[in-house]
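Visitor: If you scroll down you'll find the structure; I have some questions about it.
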Amino acid sequence: MSLIARHLEAAGISTLCIGSARDILAAGQPPRAVFVDYPLGHTVGKPFDATDQGNILEGALSQLTTMTVPGTLVSLPNSWGSEMWREEASTSDGGDTRQARDSSPQFQYPADRLAARRTGALGANE
Amino acid sequence: MPMHTPVQYMQSITTRYLRLGYTPYRWFAADTPPPWQPLTQRLSEVRLGLISTAGAYVLGQRAYHYRDDASIRAIDSDTPAENLRFSHITENYLVAARQDPACLLPLSGLRTLVRRGVLGALSKKVFSCMGGIYSQRRVQTETAPALLAALRAEAVDVALLVAM
């Protein structure tokens, strides 16, 4: 994400990155970044919680007009509530949590494959 | 202020994969200061573009694959939530967004901010890519230029990039 933000910014588009891995954001040094201290996968808030999501979005976007130093990384004050997730997120135990590096499209649902065939996005023999 | 030290993902993931005998993932580490395009408009005047790196796609589109898929998808910003999908190599982080896409692709939230006059406008099309690309060269030569061209066609003032 930081690579893309830097590319866009260098080409004249202002950018704001929002992420939940502070160390990865810090390493990439995008022009403007906001950190949300939530478990990965909830960058814009808790599921089905429009208040939390709106709060994060507005909190992040409000930073756009106040950041003046390239590479600024601001932490939002939002709290997940329970802290149980941190231990699992921090562990180096366990196996590989990634999917296989397969080069065929990985549809969320089997029906998505049929829908993509109908639009021509997926070939008949794929 | 956060009461806890943020999770050290790079350290814990690197340790895990070394223990399993895999080559560590190489996250991008900047060695130059970031570029800077000053923002002159107020937020209420900004036409915002959106990029999700979580592999978002729409029902009917081709899903992402997991072997350095450097392609992008254009998504209508009024796409109903029930037609939004996600494919990303770390599917374990997609559990929430596959139930409520707004966790990673905040279309409804941004539309609300536009309605309230907080944000000027949201572009007609927003964009996605699959952030788990191992080749930084391909991100720089394929994904980033494609997203730049797409955002320029939407005439956005600002791009909001949402990581998974």
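Every chain in the structure tokens has a letter given in the order shown (A, B, ...), and although residue numbers restart at 1 in each chain, ligands are simply numbered from 1 in the order shown.
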Run DSSP on the backbone and give me the residues of chain B it puts in alpha helix (DSSP H), as a ChimeraX atom specification.

Guide: /B:9-19,107-115,136-138,144-153

Visitor: Just C-alpha atoms for this one: save the residues we selected as a PDB file, in the first residue's frame.

Guide:
ATOM      1  CA  TYR B   9       3.441  -8.038  12.758  1.00  0.00           C
ATOM      2  CA  MET B  10       6.680  -7.958  10.772  1.00  0.00           C
ATOM      3  CA  GLN B  11       8.651  -9.497  13.615  1.00  0.00           C
ATOM      4  CA  SER B  12       6.135 -12.193  14.553  1.00  0.00           C
ATOM      5  CA  ILE B  13       5.374 -13.214  10.949  1.00  0.00           C
ATOM      6  CA  THR B  14       9.065 -13.311  10.005  1.00  0.00           C
ATOM      7  CA  THR B  15       9.849 -15.477  13.050  1.00  0.00           C
ATOM      8  CA  ARG B  16       6.962 -17.803  12.200  1.00  0.00           C
ATOM      9  CA  TYR B  17       8.020 -18.359   8.609  1.00  0.00           C
ATOM     10  CA  LEU B  18      11.685 -18.805   9.470  1.00  0.00           C
ATOM     11  CA  ARG B  19      10.666 -21.477  11.978  1.00  0.00           C
ATOM     12  CA  LEU B 107     -18.693   2.699   0.402  1.00  0.00           C
ATOM     13  CA  SER B 108     -21.753   3.298   2.575  1.00  0.00           C
ATOM     14  CA  GLY B 109     -19.743   5.218   5.170  1.00  0.00           C
ATOM     15  CA  LEU B 110     -18.217   7.510   2.563  1.00  0.00           C
ATOM     16  CA  ARG B 111     -21.600   8.087   0.934  1.00  0.00           C
ATOM     17  CA  THR B 112     -22.935   9.123   4.345  1.00  0.00           C
ATOM     18  CA  LEU B 113     -20.104  11.643   4.775  1.00  0.00           C
ATOM     19  CA  VAL B 114     -20.928  13.102   1.342  1.00  0.00           C
ATOM     20  CA  ARG B 115     -24.633  13.346   2.253  1.00  0.00           C
ATOM     21  CA  GLN B 136       7.668  -5.020  -5.315  1.00  0.00           C
ATOM     22  CA  ARG B 137       8.804  -4.486  -8.898  1.00  0.00           C
ATOM     23  CA  ARG B 138       5.431  -5.599 -10.208  1.00  0.00           C
ATOM     24  CA  ALA B 144       0.536   1.451  -9.080  1.00  0.00           C
ATOM     25  CA  PRO B 145       0.533   2.868 -12.653  1.00  0.00           C
ATOM     26  CA  ALA B 146      -2.822   1.173 -13.365  1.00  0.00           C
ATOM     27  CA  LEU B 147      -4.335   2.687 -10.230  1.00  0.00           C
ATOM     28  CA  LEU B 148      -2.898   6.110 -11.092  1.00  0.00           C
ATOM     29  CA  ALA B 149      -4.470   6.038 -14.558  1.00  0.00           C
ATOM     30  CA  ALA B 150      -7.781   4.859 -13.089  1.00  0.00           C
ATOM     31  CA  LEU B 151      -7.840   7.626 -10.464  1.00  0.00           C
ATOM     32  CA  ARG B 152      -6.918  10.268 -13.029  1.00  0.00           C
ATOM     33  CA  ALA B 153      -9.846   9.162 -15.187  1.00  0.00           C
TER      34      ALA B 153
END

Visitor: Given only C-alpha atoms, how would the per-residue table for range 24-119 of chain B near range 66-80 of chain A read, listing every residue at most 10 Å away with its closest atom pair and distance in Å to one decimal, sorted by chain and number, as a Markdown table?

Guide:
| residue | atom | partner | partner_atom | distance |
| --- | --- | --- | --- | --- |
| B:Pro33 | CA | A:Gly71 | CA | 7.2 |
| B:Pro34 | CA | A:Pro70 | CA | 5.9 |
| B:Pro35 | CA | A:Pro70 | CA | 6.9 |
| B:Trp36 | CA | A:Pro70 | CA | 6.0 |
| B:Gln37 | CA | A:Pro70 | CA | 9.1 |
| B:Pro38 | CA | A:Thr68 | CA | 7.9 |
| B:Leu39 | CA | A:Thr68 | CA | 9.2 |

Visitor: Using the selection just defined, write its residues with N, CA, C and O atoms as an mmCIF file, in the first residue's frame.

Guide:
data_model
loop_
_atom_site.group_PDB
_atom_site.id
_atom_site.type_symbol
_atom_site.label_atom_id
_atom_site.label_comp_id
_atom_site.auth_asym_id
_atom_site.auth_seq_id
_atom_site.Cartn_x
_atom_site.Cartn_y
_atom_site.Cartn_z
ATOM 1 N N PRO B 33 12.592 9.818 1.804
ATOM 2 C CA PRO B 33 11.401 10.481 2.360
ATOM 3 C C PRO B 33 10.239 10.387 1.373
ATOM 4 O O PRO B 33 10.467 10.307 0.162
ATOM 5 N N PRO B 34 9.012 10.367 1.869
ATOM 6 C CA PRO B 34 7.872 10.260 0.956
ATOM 7 C C PRO B 34 7.687 11.524 0.119
ATOM 8 O O PRO B 34 8.041 12.612 0.574
ATOM 9 N N PRO B 35 7.134 11.378 -1.088
ATOM 10 C CA PRO B 35 6.793 12.570 -1.871
ATOM 11 C C PRO B 35 5.631 13.293 -1.203
ATOM 12 O O PRO B 35 5.009 12.761 -0.273
ATOM 13 N N TRP B 36 5.331 14.480 -1.675
ATOM 14 C CA TRP B 36 4.298 15.276 -1.008
ATOM 15 C C TRP B 36 3.544 16.127 -2.008
ATOM 16 O O TRP B 36 4.142 16.925 -2.721
ATOM 17 N N GLN B 37 2.254 15.907 -2.099
ATOM 18 C CA GLN B 37 1.376 16.744 -2.912
ATOM 19 C C GLN B 37 0.468 17.507 -1.950
ATOM 20 O O GLN B 37 -0.451 16.909 -1.377
ATOM 21 N N PRO B 38 0.719 18.788 -1.728
ATOM 22 C CA PRO B 38 -0.097 19.535 -0.751
ATOM 23 C C PRO B 38 -1.572 19.506 -1.140
ATOM 24 O O PRO B 38 -1.904 19.518 -2.328
ATOM 25 N N LEU B 39 -2.411 19.437 -0.121
ATOM 26 C CA LEU B 39 -3.856 19.455 -0.362
ATOM 27 C C LEU B 39 -4.353 20.870 -0.094
ATOM 28 O O LEU B 39 -4.184 21.393 0.998
#

Visitor: Report the distance between CA of Asp68 in chain B and CA of Gly132 in chain B in Å, rounded to one decimal place.

Guide: 7.0 Å

Visitor: Can you list every residue of range 96-147 of chain B that has an atom at most 12 Å from range 95-106 of chain A, with its nearest atom pair and the distance in Å to one decimal, using only C-alpha atoms, ordered by chain then number, as a Markdown table?

Guide:
| residue | atom | partner | partner_atom | distance |
| --- | --- | --- | --- | --- |
| B:Met130 | CA | A:Gln106 | CA | 11.4 |
| B:Gly132 | CA | A:Arg98 | CA | 9.8 |
| B:Ile133 | CA | A:Arg101 | CA | 10.1 |
| B:Tyr134 | CA | A:Arg101 | CA | 10.2 |

Visitor: Quick one: of A:Thr43, A:Asn125, A:Thr51, A:Ser82, who's nearest to chain B, counting only C-alpha atoms?

Guide: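 When distances to chain B are compared using only C-alpha atoms, the smallest one comes from A:Thr43.
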
Visitor: Hey, which of A:Met84, A:Ile13, A:Ile18, A:Ile24 ends up closest to Arg26 in chain B? Count only C-alpha atoms.

Guide: A:Ile24

Visitor: Can you measure CA of Ser77 in chain B to CA of Pro106 in chain B for me? One decimal in Å is fine.

Guide: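 Interatomic distance, CA of Ser77 in chain B to CA of Pro106 in chain B: 9.5 Å.
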
Visitor: Taking into account only C-alpha atoms, which residue in the set B:Pro6, B:Trp27, B:Leu104, B:Val46 is nearest to Leu119 in chain B?

Guide: B:Val46

Visitor: May I ask which of the residues B:His88, B:His65, B:Lys125, B:Arg98 is the closest one to chain A, counting only C-alpha atoms?

Guide: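 Ranked by minimum distance to chain A, first place goes to B:His65.
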
Visitor: Can you tell me which residues surround range 94-96 of chain B at a distance of at most 9 Å, considering only C-alpha atoms, apart from same-chain residues fewer than 6 positions away, and format the answer as JSON, numbers by chain?

Guide: {"A": [40, 41, 42, 46, 47], "B": [54, 86, 87, 88, 103, 104, 164]}

Visitor: Store the residues picked out above in a file with N, CA and C atoms, as a PDB file, in the first residue's frame.

Guide:
ATOM      1  N   LEU A  40      -6.368  -7.158  12.435  1.00  0.00           N
ATOM      2  CA  LEU A  40      -6.314  -7.059  10.976  1.00  0.00           C
ATOM      3  C   LEU A  40      -7.636  -7.533  10.374  1.00  0.00           C
ATOM      4  N   GLY A  41      -8.074  -6.803   9.337  1.00  0.00           N
ATOM      5  CA  GLY A  41      -9.328  -7.164   8.683  1.00  0.00           C
ATOM      6  C   GLY A  41     -10.480  -6.267   9.094  1.00  0.00           C
ATOM      7  N   HIS A  42     -10.212  -5.318   9.997  1.00  0.00           N
ATOM      8  CA  HIS A  42     -11.250  -4.398  10.487  1.00  0.00           C
ATOM      9  C   HIS A  42     -10.765  -2.957  10.394  1.00  0.00           C
ATOM     10  N   LYS A  46     -15.660  -2.126  13.218  1.00  0.00           N
ATOM     11  CA  LYS A  46     -16.297  -3.394  13.566  1.00  0.00           C
ATOM     12  C   LYS A  46     -17.437  -3.688  12.602  1.00  0.00           C
ATOM     13  N   PRO A  47     -17.670  -4.979  12.317  1.00  0.00           N
ATOM     14  CA  PRO A  47     -18.742  -5.325  11.378  1.00  0.00           C
ATOM     15  C   PRO A  47     -20.118  -4.891  11.880  1.00  0.00           C
TER      16      PRO A  47
ATOM     17  N   ALA B  54      -7.538  -5.082  -0.264  1.00  0.00           N
ATOM     18  CA  ALA B  54      -8.019  -6.346   0.303  1.00  0.00           C
ATOM     19  C   ALA B  54      -8.567  -7.304  -0.757  1.00  0.00           C
ATOM     20  N   PHE B  86     -14.488 -10.579  -1.663  1.00  0.00           N
ATOM     21  CA  PHE B  86     -13.063 -10.370  -1.395  1.00  0.00           C
ATOM     22  C   PHE B  86     -12.272 -11.649  -1.684  1.00  0.00           C
ATOM     23  N   SER B  87     -11.123 -11.479  -2.352  1.00  0.00           N
ATOM     24  CA  SER B  87     -10.176 -12.589  -2.472  1.00  0.00           C
ATOM     25  C   SER B  87      -8.781 -12.036  -2.226  1.00  0.00           C
ATOM     26  N   HIS B  88      -8.147 -12.542  -1.193  1.00  0.00           N
ATOM     27  CA  HIS B  88      -6.815 -12.090  -0.780  1.00  0.00           C
ATOM     28  C   HIS B  88      -6.097 -13.297  -0.198  1.00  0.00           C
ATOM     29  N   CYS B 103     -16.229  -3.127   6.481  1.00  0.00           N
ATOM     30  CA  CYS B 103     -15.031  -3.216   7.335  1.00  0.00           C
ATOM     31  C   CYS B 103     -13.767  -2.887   6.537  1.00  0.00           C
ATOM     32  N   LEU B 104     -13.786  -3.193   5.242  1.00  0.00           N
ATOM     33  CA  LEU B 104     -12.595  -2.966   4.413  1.00  0.00           C
ATOM     34  C   LEU B 104     -12.871  -2.122   3.175  1.00  0.00           C
ATOM     35  N   MET B 164      -5.713  -4.043   4.230  1.00  0.00           N
ATOM     36  CA  MET B 164      -6.492  -5.102   4.821  1.00  0.00           C
ATOM     37  C   MET B 164      -6.073  -5.295   6.279  1.00  0.00           C
TER      38      MET B 164
END

Visitor: With distances taken over only C-alpha atoms, which of B:Ala155, B:Ala56, B:Ala63, B:Leu122 is nearest to chain A?

Guide: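 Counting only C-alpha atoms, the residue closest to chain A is B:Ala63.
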
Visitor: Pick from A:Leu64, A:Asp93, A:Gln108, A:Ser14: nearest to Glu91 in chain B, with only C-alpha atoms counted?

Guide: A:Gln108

Visitor: Please provide the set of residues having any atom within 9 Å of Lys124 in chain B, restricted to only C-alpha atoms, with same-chain residues fewer than 2 positions apart removed, written as a PyMOL selection string.

Guide: chain B and resi 49+75-78+122+126+154

Visitor: Could you state the separation of CA of Asp37 in chain A and CA of Ile56 in chain A in Å, given to one decimal place?

Guide: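 Rounded to one decimal, the two atoms are 10.8 Å apart.
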